[in-house]
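Worksheet: one structure, shown below.
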Amino acid sequence: MNPRDLELLSAYLDGQLAPPDSARLESRLASDESLRARLNDLRSTRGLLRQLPARRVPRNFTLTPQMAGLQPPTPRVVPVFRLATALATFLFFITLVINGLVLRSATSAMAARAPAPLSAAQGPAHAATQAPALPPALNALGATSAPRTLSAAPRMTEAPGPSAAGGAPLPTEISTPVVALKSNAPQLESGQPVRTQTGPSVPFDLEVLFGILALGFGGTAWILPRKYESNLRKKWNKK
Amino acid sequence: MDEPALIQSAQRGDLDAFNSLVLHYQDALFNTALRILGDEDLAADATQEAFLSSFQHLNSYRGGSFKSWLMRTVTNACYDELRRKKRRPTTPLEPDAEDGDEMDSPRWLADSTLTPEGQAEADELEHAIQHCLDHLPAEFRAVVVLADIQGLDYAEVAAAIRAPLGTMKSRLARARLRLRECLQGFAELLPAAFRLQEERS
């Protein structure tokens, strides 16, 4: 069979021949048994192909946002948490810096008021008279807690220089007033214990609260979109 | 299913809308890929690749038969897969004869004894047809699968394979003839009607 007849028969089988071509082919088919047999061959071959069973898909081919290169929509509340995180972190660091500065100032003030090198004879007595003068200086800086006094006191040994008129003090000379200060600072002249106000200017509880809030908001802002995306993926898979 | 509305939404990036289209057409695309590639895993990969490519290039769809447009993407994905397969050939399913030539006999298919007889015969016939499809040139295979298995009309097939209508008609006729010649080697598996015609010719 020549290619032209083959194409004609194939198109005729599918009803794709123009009416004049179709009429001409039908008249040939009526008289040509071999041509009819070829047409039947093509018809049965097409019939075999058409009866091939359609297979079920092994899985759904739906696309996930990741596959499609799309970012899943962010839940509306996430930006609020991000802002809150930024704010809480900012406040946390501000309180941290303020308290740090206060502590440093307090230390400097104490160092500035620390006695010049004292002689061993002046030691305890002089220190005792100086002690009451310290709390107001620290009070001006908003100090609150007593334990800080003790922690600040050793720093005095690091900066004795500025007040050390008449030469650098010997370690033995400086150690005496420090010990005296530690033991005498919490006492007023009247002998009553004093709430030494040498702590941070921002309450420690508030500082901790800001830290916790920053962590909490940050964690929520991190978890929420992932949780949302995971739910979205489950939704896709269910479809 | 309001297909035009879904397509429009999908073109604006609505993945839900596109996935509705995926669910509607996935059977057709998978079966097309399966018949062109002859392997379920490869067909699944090609189908997934086709849908992904379709979504990414959805704005290039300018109307007409959406099914035909999708079929073009899956046909292209199958051609890519066939090219990869050609670069990395695998062991054929057919055993080699003693002289090293590949056996072109249906006997290699007839060793499935685990299924009931009727099912086994149907499976063997399906295998025989797939075997013959696999031996067609890729461009003939795509045409006959789209026209005779998926039932697309000539214009849709021509659009899907991006070929002129005349070329498509010629390929379809020659593909049918080659399939018939190949299937004659599986005479014992073929339905009686097919055998009678074959004997007559």
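Going by the structure tokens order, chains are called A, B, ..., each with residues numbered from 1, while ligands are numbered from 1 in the order shown.
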
At a cut-off of 10 Å, can you tabulate as a tab-separated table every residue of chain A near chain B together with its closest atom pair and the distance in Å to one decimal, using only C-alpha atoms and ordering rows by chain then number?
residue	atom	partner	partner_atom	distance
A:Pro3	CA	B:Arg174	CA	8.0
A:Arg4	CA	B:Ser170	CA	8.7
A:Asp5	CA	B:Ala173	CA	9.6
A:Leu6	CA	B:Ala173	CA	6.1
A:Glu7	CA	B:Ala173	CA	5.3
A:Leu8	CA	B:Ala173	CA	8.4
A:Leu9	CA	B:Ala173	CA	8.0
A:Ser10	CA	B:Ala173	CA	5.3
A:Ala11	CA	B:Lys169	CA	7.0
A:Asp14	CA	B:Asp153	CA	8.8
A:Gln16	CA	B:Tyr154	CA	8.0
A:Glu33	CA	B:Ser201	CA	9.7
A:Ser34	CA	B:Ser201	CA	7.5
A:Leu35	CA	B:Ser201	CA	9.9
A:Arg36	CA	B:Ser201	CA	9.7
A:Ala37	CA	B:Ser201	CA	6.2
A:Arg38	CA	B:Ser201	CA	7.5
A:Asn40	CA	B:Gln197	CA	7.0
A:Asp41	CA	B:Gln197	CA	6.5
A:Leu42	CA	B:Arg176	CA	6.3
A:Arg43	CA	B:Arg176	CA	9.1
A:Ser44	CA	B:Phe194	CA	6.0
A:Thr45	CA	B:Arg180	CA	5.9
A:Arg46	CA	B:Asp148	CA	6.1
A:Gly47	CA	B:Asp148	CA	8.2
A:Leu48	CA	B:Ile129	CA	8.1
A:Leu49	CA	B:Ile149	CA	5.8
A:Arg50	CA	B:Ile149	CA	5.1
A:Gln51	CA	B:Ile149	CA	8.0
A:Leu52	CA	B:Glu126	CA	6.6
A:Pro53	CA	B:Glu126	CA	8.1
A:Ala54	CA	B:Asn31	CA	6.4
A:Arg55	CA	B:Asn31	CA	6.4
A:Arg56	CA	B:Asp27	CA	6.8
A:Val57	CA	B:Asp27	CA	6.0
A:Pro58	CA	B:Ala44	CA	7.5
A:Arg59	CA	B:Ala44	CA	8.3
A:Asn60	CA	B:Leu23	CA	7.2
A:Phe61	CA	B:Gln48	CA	5.7
A:Thr62	CA	B:Asn19	CA	5.2
A:Leu63	CA	B:Asn19	CA	6.6
A:Thr64	CA	B:Leu15	CA	8.0
A:Pro65	CA	B:Leu15	CA	7.4
A:Met67	CA	B:Leu52	CA	7.5
A:Ala68	CA	B:Leu52	CA	6.6
A:Gly69	CA	B:Gln56	CA	8.9
A:Leu70	CA	B:Gly13	CA	8.7
A:Trp236	CA	B:Asp16	CA	8.8
A:Lys239	CA	B:Leu23	CA	8.6
